[in-house]
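Novice: Sharing run21.cif here; it has mmCIF, C-alpha atoms (C1' of nucleotides).
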data_target
#
loop_
_atom_site.label_atom_id
_atom_site.label_comp_id
_atom_site.auth_asym_id
_atom_site.auth_seq_id
_atom_site.Cartn_x
_atom_site.Cartn_y
_atom_site.Cartn_z
CA MET F 1 16.87 118.29 82.63
CA LYS F 2 16.39 118.38 86.36
CA LEU F 3 18.33 121.08 88.20
CA ALA F 4 18.67 121.71 91.94
CA PHE F 5 19.92 125.06 93.29
CA ILE F 6 21.89 125.46 96.49
CA ALA F 7 22.39 129.06 97.58
CA THR F 8 21.97 131.55 100.42
CA GLY F 9 23.70 134.81 99.52
CA ASP F 10 22.07 137.64 97.60
CA ILE F 11 24.68 137.28 94.90
CA ALA F 12 22.82 134.17 93.71
CA GLN F 13 19.51 135.94 93.16
CA PRO F 14 19.94 137.06 89.53
CA THR F 15 21.11 133.59 88.54
CA PHE F 16 18.25 131.89 90.36
CA ARG F 17 15.76 134.31 88.85
CA HIS F 18 17.23 133.70 85.41
CA LEU F 19 16.78 129.95 85.77
CA ILE F 20 13.18 130.40 86.85
CA THR F 21 12.46 132.58 83.83
CA HIS F 22 14.57 130.99 81.14
CA GLY F 23 15.14 127.48 82.43
CA PRO F 24 16.14 124.93 83.22
CA ARG F 25 13.69 125.63 86.02
CA PRO F 26 15.09 124.62 89.44
CA CYS F 27 13.07 121.83 91.03
CA LEU F 28 14.39 122.67 94.48
CA LEU F 29 16.18 125.36 96.51
CA ILE F 30 18.40 124.38 99.39
CA THR F 31 19.30 127.36 101.56
CA GLN F 32 20.49 128.08 105.09
CA PRO F 33 17.95 128.16 107.94
CA ASP F 34 16.34 131.50 108.87
CA LYS F 35 18.75 133.33 111.14
CA PRO F 36 17.91 135.34 114.24
CA VAL F 37 18.59 138.99 113.65
CA GLY F 38 18.36 142.24 115.58
CA ARG F 39 19.47 143.37 119.00
CA SER F 40 17.31 141.03 121.04
CA HIS F 41 17.52 137.93 118.87
CA SER F 42 13.76 138.10 118.66
CA GLU F 43 13.28 138.37 114.91
CA PHE F 44 14.01 135.65 112.41
CA LEU F 45 14.95 136.69 108.94
CA PRO F 46 14.85 134.25 106.03
CA PRO F 47 17.38 134.46 103.21
CA GLU F 48 15.83 136.64 100.48
CA ILE F 49 16.33 133.94 97.92
CA LYS F 50 13.95 131.77 99.93
CA SER F 51 11.13 134.25 99.34
CA LEU F 52 11.95 134.22 95.65
CA ALA F 53 11.58 130.44 95.57
CA ILE F 54 8.30 130.47 97.49
CA GLU F 55 6.80 133.13 95.22
CA ASN F 56 7.55 130.88 92.28
CA GLY F 57 6.30 127.69 93.86
CA ILE F 58 9.72 126.10 94.17
CA PRO F 59 10.19 123.81 97.18
CA VAL F 60 12.69 125.02 99.79
CA TRP F 61 14.77 122.92 102.13
CA GLN F 62 16.65 124.51 105.04
CA PRO F 63 18.72 121.88 106.82
CA GLU F 64 20.97 122.90 109.71
CA ARG F 65 23.69 120.86 108.08
CA ILE F 66 23.36 120.01 104.44
CA ILE F 67 24.42 116.42 104.93
CA GLU F 68 21.05 115.81 106.62
CA ILE F 69 19.24 116.01 103.29
CA ALA F 70 21.74 114.04 101.21
CA ASP F 71 19.49 110.99 100.91
CA ALA F 72 16.38 112.99 100.06
CA LEU F 73 18.31 114.90 97.43
CA THR F 74 19.66 111.70 95.92
CA ASP F 75 16.09 110.37 95.67
CA LEU F 76 15.17 113.38 93.51
CA HIS F 77 17.76 112.32 90.92
CA PRO F 78 18.85 115.82 89.86
CA ASP F 79 21.00 115.95 86.73
CA ILE F 80 22.78 119.15 87.65
CA ILE F 81 23.28 120.79 91.03
CA VAL F 82 24.27 124.45 91.02
CA VAL F 83 25.88 125.92 94.13
CA MET F 84 26.39 129.63 94.73
CA ALA F 85 27.23 131.36 98.01
CA TYR F 86 25.62 128.72 100.17
CA GLY F 87 27.82 129.04 103.22
CA GLN F 88 28.51 125.41 104.06
CA ILE F 89 30.95 122.84 102.79
CA ILE F 90 29.19 120.45 100.45
CA GLY F 91 29.76 116.92 101.74
CA LYS F 92 30.47 113.88 99.65
CA ASP F 93 26.98 112.38 99.93
CA VAL F 94 25.48 115.57 98.58
CA ARG F 95 28.01 115.82 95.74
CA LYS F 96 27.19 112.27 94.70
CA ALA F 97 23.50 113.14 94.35
CA ALA F 98 24.12 114.89 91.04
CA LYS F 99 23.76 112.49 88.14
CA LYS F 100 25.72 114.63 85.68
CA ALA F 101 27.57 117.36 87.53
CA ILE F 102 27.64 119.58 90.59
CA ILE F 103 29.06 122.98 89.85
CA ASN F 104 29.78 126.13 91.82
CA LEU F 105 29.68 129.79 90.77
CA HIS F 106 32.44 131.66 92.58
CA ALA F 107 32.99 135.41 92.52
CA SER F 108 36.68 135.53 91.70
CA LEU F 109 39.04 134.49 88.94
CA LEU F 110 40.13 131.17 90.38
CA PRO F 111 42.58 130.00 91.52
CA LYS F 112 42.83 133.46 93.07
CA TYR F 113 40.77 134.09 96.19
CA ARG F 114 39.28 130.78 97.12
CA GLY F 115 36.92 131.34 100.04
CA ALA F 116 34.25 133.63 101.40
CA SER F 117 35.74 137.13 101.05
CA CYS F 118 36.73 136.87 97.40
CA ILE F 119 35.15 140.18 96.36
CA GLN F 120 36.67 142.13 99.24
CA SER F 121 40.10 140.65 98.55
CA ALA F 122 40.10 141.61 94.89
CA ILE F 123 39.47 145.27 95.74
CA ALA F 124 41.74 145.37 98.79
CA ASN F 125 44.64 144.03 96.72
CA GLY F 126 44.11 146.63 94.04
CA ASP F 127 43.29 144.14 91.27
CA THR F 128 42.10 145.67 88.02
CA GLU F 129 39.79 142.83 87.09
CA THR F 130 37.78 140.02 88.63
CA GLY F 131 34.93 137.81 87.53
CA ILE F 132 32.81 134.74 88.01
CA THR F 133 34.42 131.33 87.77
CA ILE F 134 32.41 128.16 87.42
CA MET F 135 34.08 124.99 88.63
CA ARG F 136 33.21 121.54 89.77
CA VAL F 137 32.52 121.02 93.45
CA ILE F 138 35.02 118.71 95.09
CA ARG F 139 36.03 117.93 98.64
CA GLU F 140 38.35 120.91 98.96
CA LEU F 141 36.76 124.37 98.99
CA ASP F 142 36.62 126.14 95.60
CA ALA F 143 39.30 123.83 94.24
CA GLY F 144 37.54 121.84 91.50
CA ASP F 145 38.27 121.84 87.79
CA ILE F 146 37.32 125.07 86.04
CA ILE F 147 34.62 124.86 83.40
CA SER F 148 34.39 128.51 82.42
CA ALA F 149 34.91 132.07 83.65
CA LYS F 150 33.69 135.56 82.86
CA ARG F 151 35.82 138.61 83.57
CA ILE F 152 34.96 142.22 84.35
CA PRO F 153 37.14 145.23 85.19
CA ILE F 154 37.10 146.71 88.69
CA GLY F 155 36.33 150.42 88.87
CA LYS F 156 38.82 152.75 90.54
CA THR F 157 36.31 153.94 93.12
CA GLU F 158 34.14 150.86 93.26
CA THR F 159 33.06 149.43 96.60
CA ALA F 160 32.57 145.75 97.30
CA GLY F 161 28.83 146.30 97.41
CA GLU F 162 28.79 147.75 93.90
CA LEU F 163 31.10 145.08 92.56
CA HIS F 164 29.02 142.41 94.26
CA ASP F 165 25.94 143.54 92.36
CA ARG F 166 27.75 143.61 89.03
CA LEU F 167 29.16 140.14 89.62
CA ALA F 168 25.72 138.90 90.61
CA ASN F 169 24.39 140.10 87.27
CA LEU F 170 27.19 138.26 85.52
CA GLY F 171 25.96 134.97 86.96
CA PRO F 172 23.20 134.15 84.47
CA ALA F 173 25.40 134.43 81.39
CA ALA F 174 28.23 132.58 83.10
CA LEU F 175 25.94 129.71 84.05
CA ASP F 176 24.38 129.51 80.58
CA GLU F 177 27.83 129.21 79.11
CA ALA F 178 28.92 126.53 81.56
CA LEU F 179 25.77 124.49 81.00
CA LYS F 180 26.34 124.68 77.26
CA ILE F 181 29.91 123.46 77.68
CA LEU F 182 28.79 120.61 79.90
CA ALA F 183 26.07 119.60 77.47
CA ALA F 184 28.65 119.36 74.70
CA ASN F 185 31.22 117.63 76.85
CA PRO F 186 30.11 116.16 80.19
CA LYS F 187 33.72 115.77 81.26
CA ALA F 188 34.81 119.33 80.48
CA GLY F 189 37.07 121.08 82.98
CA THR F 190 40.62 122.30 83.52
CA PRO F 191 42.51 121.72 86.75
CA GLN F 192 43.44 124.83 88.71
CA ASN F 193 47.06 125.92 88.79
CA GLU F 194 47.94 125.12 92.39
CA ALA F 195 50.95 127.42 92.27
CA GLU F 196 48.68 130.46 91.88
CA VAL F 197 46.21 129.63 94.62
CA THR F 198 45.37 132.32 97.17
CA TYR F 199 42.78 132.30 99.92
CA ALA F 200 40.21 134.86 101.05
CA PRO F 201 39.01 133.80 104.49
CA LYS F 202 35.61 134.54 105.99
CA LEU F 203 35.61 138.00 107.56
CA LEU F 204 34.57 139.18 110.99
CA ARG F 205 33.71 142.73 112.05
CA GLU F 206 37.01 142.91 113.86
CA ASN F 207 38.78 142.46 110.51
CA GLY F 208 37.54 145.93 109.60
CA ARG F 209 39.91 147.63 112.04
CA LEU F 210 42.01 150.14 110.13
CA ASP F 211 45.77 150.16 110.44
CA PHE F 212 46.99 153.69 109.88
CA THR F 213 50.62 152.66 109.76
CA LYS F 214 49.88 151.61 106.20
CA PRO F 215 50.01 153.86 103.13
CA ALA F 216 47.00 156.00 102.30
CA ALA F 217 46.37 154.26 98.97
CA GLU F 218 46.15 150.90 100.68
CA ILE F 219 43.78 152.20 103.32
CA GLU F 220 41.57 153.78 100.69
CA ARG F 221 41.26 150.43 98.91
CA PHE F 222 40.59 148.67 102.18
CA ILE F 223 37.71 151.00 103.02
CA ARG F 224 36.15 150.41 99.60
CA ALA F 225 36.77 146.68 99.83
CA TYR F 226 35.08 146.29 103.20
CA HIS F 227 31.98 148.32 102.37
CA PRO F 228 29.28 147.46 103.23
CA TRP F 229 30.50 144.31 104.97
CA PRO F 230 32.19 144.05 107.43
CA GLY F 231 32.74 147.81 107.35
CA THR F 232 35.83 149.60 108.60
CA PHE F 233 36.44 151.40 111.86
CA THR F 234 39.04 152.96 114.07
CA GLU F 235 39.00 154.22 117.61
CA VAL F 236 38.91 157.81 118.77
CA PHE F 237 39.24 159.31 122.22
CA VAL F 238 36.22 161.47 123.05
CA LYS F 239 34.95 162.67 126.44
CA GLY F 240 37.49 160.57 128.27
CA LYS F 241 36.35 157.41 126.56
CA THR F 242 37.62 155.40 123.67
CA LYS F 243 34.88 155.15 121.11
CA ARG F 244 34.61 153.17 117.93
CA LEU F 245 34.31 155.29 114.82
CA LYS F 246 33.03 153.63 111.69
CA ILE F 247 34.37 155.02 108.46
CA PHE F 248 32.45 154.93 105.20
CA PRO F 249 33.58 155.44 101.63
CA PRO F 250 34.36 157.43 99.70
CA VAL F 251 37.62 158.63 101.18
CA GLU F 252 40.23 160.59 99.32
CA ILE F 253 43.96 160.55 99.55
CA ALA F 254 45.10 163.91 100.90
CA HIS F 255 48.60 165.23 100.51
CA TYR F 256 48.92 166.54 104.03
CA LEU F 257 51.50 165.19 106.42
CA ILE F 258 50.34 164.17 109.88
CA GLY F 259 51.24 161.21 112.04
CA PRO F 260 49.50 157.84 111.75
CA SER F 261 46.02 157.83 113.38
CA GLU F 262 46.28 161.55 114.06
CA LEU F 263 43.12 163.57 113.42
CA ALA F 264 43.19 166.98 111.77
CA VAL F 265 40.81 169.41 110.14
CA HIS F 266 42.26 171.09 107.10
CA GLU F 267 40.42 173.16 104.51
CA GLY F 268 37.09 171.93 105.80
CA GLN F 269 38.01 168.26 105.57
CA LEU F 270 38.46 165.76 108.37
CA LEU F 271 41.78 163.98 107.90
CA ILE F 272 43.35 160.93 109.49
CA GLY F 273 47.06 160.43 109.15
CA CYS F 274 48.56 157.38 107.45
CA SER F 275 52.15 156.28 106.99
CA ASP F 276 52.68 158.52 103.96
CA GLY F 277 50.12 161.30 104.29
CA ALA F 278 46.45 161.26 105.15
CA ILE F 279 42.99 160.32 103.98
CA ALA F 280 40.08 162.75 103.88
CA LEU F 281 36.87 161.30 105.27
CA SER F 282 33.40 161.99 103.93
CA GLN F 283 31.15 160.05 106.27
CA VAL F 284 31.64 158.56 109.72
CA GLN F 285 29.57 157.01 112.49
CA PRO F 286 30.59 157.31 116.13
CA GLU F 287 29.49 154.56 118.47
CA GLY F 288 25.94 155.29 119.61
CA SER F 289 25.16 157.72 116.81
CA LYS F 290 23.81 157.57 113.32
CA PRO F 291 26.10 158.00 110.34
CA MET F 292 26.99 161.66 109.83
CA PRO F 293 29.11 163.80 107.51
CA ALA F 294 32.73 163.90 108.63
CA THR F 295 32.47 167.68 108.96
CA ALA F 296 29.66 167.32 111.50
CA PHE F 297 31.80 165.01 113.57
CA ALA F 298 34.67 167.47 113.33
CA ASN F 299 32.45 170.22 114.77
CA SER F 300 32.44 168.58 118.17
CA LEU F 301 36.14 167.87 118.41
"C1'" C C 1 15.08 139.78 130.45
"C1'" G C 2 22.71 138.98 126.38
"C1'" C C 3 26.22 143.76 127.20
"C1'" G C 4 26.55 149.01 126.38
"C1'" G C 5 25.90 154.28 124.40
"C1'" G C 6 22.27 158.01 123.10
"C1'" A C 7 17.66 161.63 122.19
"C1'" U C 8 19.22 169.69 123.66
"C1'" G C 9 17.38 175.53 117.24
"C1'" G C 10 18.58 172.83 110.30
"C1'" A C 11 23.70 169.42 111.54
"C1'" G C 12 27.12 167.82 115.38
"C1'" A C 13 28.05 168.62 120.50
"C1'" A C 14 28.47 171.00 125.96
"C1'" G C 15 25.38 171.58 130.09
"C1'" U C 16 22.66 166.58 133.82
"C1'" C C 17 26.70 164.15 139.23
"C1'" A C 18 26.25 169.36 143.18
"C1'" G C 19 18.07 172.11 140.17
"C1'" G C 20 18.04 178.84 139.38
"C1'" U C 21 18.21 183.67 132.46
"C1'" A C 22 20.03 178.20 126.48
"C1'" U C 23 26.27 177.65 125.59
"C1'" C C 24 29.88 175.96 121.64
"C1'" U C 25 31.46 174.51 116.54
"C1'" C C 26 28.94 174.67 111.90
"C1'" G C 27 24.86 175.77 108.56
"C1'" U C 28 21.05 179.50 106.97
"C1'" C C 29 19.77 184.83 106.13
"C1'" A C 30 21.40 190.16 105.99
"C1'" G C 31 25.44 193.53 105.84
"C1'" G C 32 30.84 194.59 105.73
"C1'" C C 33 35.99 193.63 104.21
"C1'" U C 34 38.94 191.56 100.12
"C1'" C C 35 41.80 190.83 93.40
"C1'" A C 36 39.88 186.52 95.70
"C1'" U C 37 38.16 182.41 99.25
"C1'" A C 38 35.47 176.23 102.37
"C1'" A C 39 39.19 183.16 104.97
"C1'" C C 40 37.91 187.28 108.28
"C1'" C C 41 34.42 191.06 110.80
"C1'" U C 42 29.26 192.66 112.33
"C1'" G C 43 24.27 191.50 113.02
"C1'" A C 44 19.71 188.36 112.71
"C1'" A C 45 16.32 184.35 112.54
"C1'" G C 46 15.67 179.61 114.51
"C1'" A C 47 14.59 175.25 120.74
"C1'" C C 48 7.56 174.25 124.40
"C1'" C C 49 15.74 170.42 125.92
"C1'" G C 50 12.21 162.51 122.88
"C1'" U C 51 6.93 161.45 125.33
"C1'" A C 52 3.74 161.15 129.82
"C1'" G C 53 3.36 161.71 134.84
"C1'" G C 54 5.71 163.04 139.72
"C1'" U C 55 8.83 166.05 143.41
"C1'" U C 56 9.87 171.49 143.97
"C1'" C C 57 8.97 178.43 144.87
"C1'" A C 58 11.76 176.75 140.52
"C1'" A C 59 13.38 170.92 136.30
"C1'" A C 60 17.29 170.06 130.14
"C1'" U C 61 19.11 168.81 135.20
"C1'" C C 62 16.07 164.85 140.54
"C1'" C C 63 12.16 160.36 140.62
"C1'" U C 64 8.82 156.81 137.83
"C1'" A C 65 7.01 154.78 133.35
"C1'" C C 66 7.16 154.77 128.10
"C1'" U C 67 8.77 155.58 122.83
"C1'" C C 68 12.51 155.87 119.32
"C1'" C C 69 17.84 155.62 117.58
"C1'" C C 70 22.69 153.39 117.65
"C1'" G C 71 27.43 150.30 118.94
"C1'" C C 72 28.97 145.27 120.51
"C1'" A C 73 27.63 140.26 120.48
"C1'" A C 74 25.03 136.26 117.61
#
Have the structure of the file written as structure tokens, please.

Specialist:
Amino acid sequence: MKLAFIATGDIAQPTFRHLITHGPRPCLLITQPDKPVGRSHSEFLPPEIKSLAIENGIPVWQPERIIEIADALTDLHPDIIVVMAYGQIIGKDVRKAAKKAIINLHASLLPKYRGASCIQSAIANGDTETGITIMRVIRELDAGDIISAKRIPIGKTETAGELHDRLANLGPAALDEALKILAANPKAGTPQNEAEVTYAPKLLRENGRLDFTKPAAEIERFIRAYHPWPGTFTEVFVKGKTKRLKIFPPVEIAHYLIGPSELAVHEGQLLIGCSDGAIALSQVQPEGSKPMPATAFANSL
RNA sequence: CGCGGGAUGGAGAAGUCAGGUAUCUCGUCAGGCUCAUAACCUGAAGACCGUAGGUUCAAAUCCUACUCCCGCAA
């Protein structure tokens, strides 16, 4: 069986590696172009999965827009196309290139959290479980018929980064299962319940701004959910200037009443007030500085 | 040349504009106080102020060049 892999994000690495080792071996990797990175735009960094492909002698295509390679892909006659965290909408001409099926591994329990920030959303909303769903790729994003899903519980102090890695490691087994189902029944799949659909839009750094008029429990989840990307921050007034202050997990809910956004030092902990109490910070990073313990930051206040 | 902030004992900062004895909040060590303490009191150690030049009687501070770190933006 001929399989083509379309992926960019790190979450796809374990699955890609699994296919290389245990088969069916991908005959091609399609990934996003190398992106400029760094302060001066001078360095170009390839997706890590690209290096993985090259090390294993798998051809790599990096079109600006995936539609550009639709014809070439069709000429390869792949049976199955597997998509995971690619970062572009898969156009019709690409979908048609798969002789048997084109499927997508998505890091949520669909139909919940269609979209890019599915992992963050699950934690931010306080869900107790999430998983990997495998569905068919159709015109609408993450909306195709579901072939299979694997569930895992979400830890009470887990960050999105940690959950991301666990979900990534769930990929290989999830894909094996889906391929088995498809082999038995090429038309397998259950439509998603449209009434339960929710969306998790792509995040920007600005989305990490903390709103201290919310309850402490919600803010604590938010900080875990947005770590390490896009991160969370607030603004503090130091030396006559407003400076951005990044906040890192873990944070603890403190039963100490101060006003929203108000800073306080109590029993050696740096606190910020929320609507119903405060959160105790462990690590922060003021604009222009490296990350530091919250107590160190408190020393200069 | 995308925009901006920064480098001062182990940590975080003030001092730089108006050059003149190294300051603060912590930490560390020693001692004291206390039933007790992430509390309080006393004392101590620890810094060639990022690097290299320059100006000056005198430079953390002014001038020039350089290195490194970080925030935004992509």

Novice: Please, which residues of chain C lie no more than 8 Å from chain F when the count uses all atoms listed in the file, and can they be set out as a VMD selection string?

Specialist: chain C and resid 2 5 to 6 11 to 13 25 to 26 38 69 to 71 74

Novice: Convert the current residue selection to file output with C-alpha atoms (C1' of nucleotides), as a short mmCIF file (atom, residue, chain, number, x, y, z; two decimals), in the coordinates of the input.

Specialist:
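Final file, again.cif:
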data_model
loop_
_atom_site.label_atom_id
_atom_site.label_comp_id
_atom_site.auth_asym_id
_atom_site.auth_seq_id
_atom_site.Cartn_x
_atom_site.Cartn_y
_atom_site.Cartn_z
"C1'" G C 2 22.71 138.98 126.38
"C1'" G C 5 25.90 154.28 124.40
"C1'" G C 6 22.27 158.01 123.10
"C1'" A C 11 23.70 169.42 111.54
"C1'" G C 12 27.12 167.82 115.38
"C1'" A C 13 28.05 168.62 120.50
"C1'" U C 25 31.46 174.51 116.54
"C1'" C C 26 28.94 174.67 111.90
"C1'" A C 38 35.47 176.23 102.37
"C1'" C C 69 17.84 155.62 117.58
"C1'" C C 70 22.69 153.39 117.65
"C1'" G C 71 27.43 150.30 118.94
"C1'" A C 74 25.03 136.26 117.61
#

Novice: Write out as JSON, numbers by chain which residues come within 9 Å of stretch 43-51 of chain C when counting all atoms listed in the file, dropping same-chain ones fewer than 5 positions away.

Specialist: {"C": [7, 8, 9, 10, 22, 28, 29, 30, 31, 60, 66, 67, 68]}

Novice: Return as JSON the box centre and box size in Å, one decimal, for an axis-aligned box around all listed atoms of stretch 10-20 of chain C padded by 4 Å per side.

Specialist:
{"center_x": 23.3, "center_y": 171.5, "center_z": 126.7, "size_x": 18.4, "size_y": 22.7, "size_z": 40.9}

Novice: Separation of atom CA of F:Leu203 and atom CA of F:Leu163, in Å?

Specialist: 17.2 Å

Novice: Once the PyMOL selection byres ((chain F and resi 228) around 10) is applied to the coordinates I shared, what remains selected? I want it as a PyMOL selection string.

Specialist: chain F and resi 120+159-162+223-227+229-232+248-249

Novice: Output C-alpha atoms of each residue in that selection to a file, as a compact mmCIF listing (two decimals), in the frame of the given file.

Specialist:
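That gives us out_13.txt:
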# COMPACT_ATOMS: atom_id res chain seq x y z
CA GLN F 120 36.67 142.13 99.24
CA THR F 159 33.06 149.43 96.60
CA ALA F 160 32.57 145.75 97.30
CA GLY F 161 28.83 146.30 97.41
CA GLU F 162 28.79 147.75 93.90
CA ILE F 223 37.71 151.00 103.02
CA ARG F 224 36.15 150.41 99.60
CA ALA F 225 36.77 146.68 99.83
CA TYR F 226 35.08 146.29 103.20
CA HIS F 227 31.98 148.32 102.37
CA TRP F 229 30.50 144.31 104.97
CA PRO F 230 32.19 144.05 107.43
CA GLY F 231 32.74 147.81 107.35
CA THR F 232 35.83 149.60 108.60
CA PHE F 248 32.45 154.93 105.20
CA PRO F 249 33.58 155.44 101.63

Novice: Any idea what's packed within 10 Å of stretch 169-176 of chain F, counting only C-alpha atoms (C1' of nucleotides), ignoring anything in its chain fewer than 6 positions away? Could you give it as a ChimeraX atom specification?

Specialist: /F:11-19,22-24,82,84,103-107,131-134,147-152,163,182

Novice: Dump C-alpha atoms for the selected residues as a short mmCIF file (atom, residue, chain, number, x, y, z; two decimals), in the frame of the given file?

Specialist:
data_model
loop_
_atom_site.label_atom_id
_atom_site.label_comp_id
_atom_site.auth_asym_id
_atom_site.auth_seq_id
_atom_site.Cartn_x
_atom_site.Cartn_y
_atom_site.Cartn_z
CA ILE F 11 24.68 137.28 94.90
CA ALA F 12 22.82 134.17 93.71
CA GLN F 13 19.51 135.94 93.16
CA PRO F 14 19.94 137.06 89.53
CA THR F 15 21.11 133.59 88.54
CA PHE F 16 18.25 131.89 90.36
CA ARG F 17 15.76 134.31 88.85
CA HIS F 18 17.23 133.70 85.41
CA LEU F 19 16.78 129.95 85.77
CA HIS F 22 14.57 130.99 81.14
CA GLY F 23 15.14 127.48 82.43
CA PRO F 24 16.14 124.93 83.22
CA VAL F 82 24.27 124.45 91.02
CA MET F 84 26.39 129.63 94.73
CA ILE F 103 29.06 122.98 89.85
CA ASN F 104 29.78 126.13 91.82
CA LEU F 105 29.68 129.79 90.77
CA HIS F 106 32.44 131.66 92.58
CA ALA F 107 32.99 135.41 92.52
CA GLY F 131 34.93 137.81 87.53
CA ILE F 132 32.81 134.74 88.01
CA THR F 133 34.42 131.33 87.77
CA ILE F 134 32.41 128.16 87.42
CA ILE F 147 34.62 124.86 83.40
CA SER F 148 34.39 128.51 82.42
CA ALA F 149 34.91 132.07 83.65
CA LYS F 150 33.69 135.56 82.86
CA ARG F 151 35.82 138.61 83.57
CA ILE F 152 34.96 142.22 84.35
CA LEU F 163 31.10 145.08 92.56
CA LEU F 182 28.79 120.61 79.90
#

Novice: Give me, as an MDAnalysis selection string, all polymer residues having an atom no more than 12 Å from F:Pro260, counting all atoms listed in the file and skipping those fewer than 5 positions away in the same chain.

Specialist: chainID F and resid 210:216 219 234 271:279

Novice: I want to know what sits within 12 Å of F:Met1, based on all atoms listed in the file, with residues of the same chain fewer than 2 positions away left out; could you give that as number ranges by chain?

Specialist: F: 3-4, 23-27, 77-81, 98-101, 179, 183

Novice: With the file shown as input, list the residues that the PyMOL selection byres ((chain F and resi 194) around 12) selects, as a PyMOL selection string.

Specialist: chain F and resi 110-112+114+142-145+190-193+195-199

Novice: I need the residue set behind the PyMOL selection byres ((chain F and resi 70) around 12) for this file; please write it as a list in words.

Specialist: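 This file, filtered by the PyMOL selection byres ((chain F and resi 70) around 12), leaves Ile30, Trp61, Pro63, Arg65, Ile66, Ile67, Glu68, Ile69, Asp71, Ala72, Leu73, Thr74, Asp75, Leu76, His77, Pro78, Ile90, Gly91, Lys92, Asp93, Val94, Arg95, Lys96, Ala97 and Ala98 of chain F.
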
Novice: Have a look at atom CA of F:Ala116 and atom CA of F:Ala200 and let me know their distance in Å, one decimal.

Specialist: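 Computing it gives 6.1 Å between the two atoms.
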
Novice: At what distance in Å, to one decimal, does atom CA of F:Val265 lie from atom C1' of C:A14?

Specialist: 20.1 Å

Novice: Could you check which of F:Lys156, F:Tyr86, F:Pro46, F:Glu262 is closest to F:Ala124, using all atoms listed in the file?

Specialist: F:Lys156

Novice: Got a sec: who's within 12 Å of C:U55, counting only C-alpha atoms (C1' of nucleotides), leaving out chain neighbours fewer than 4 positions off, as a ChimeraX atom specification?

Specialist: /C:19,59,62-64

Novice: Using only C-alpha atoms, which of the listed residues (F:Thr21, F:Phe5, F:Leu109, F:Glu64) sits closest to F:Lys50?

Specialist: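 Going through F:Thr21, F:Phe5, F:Leu109, F:Glu64 one by one, the smallest distance to F:Lys50 is for F:Phe5.
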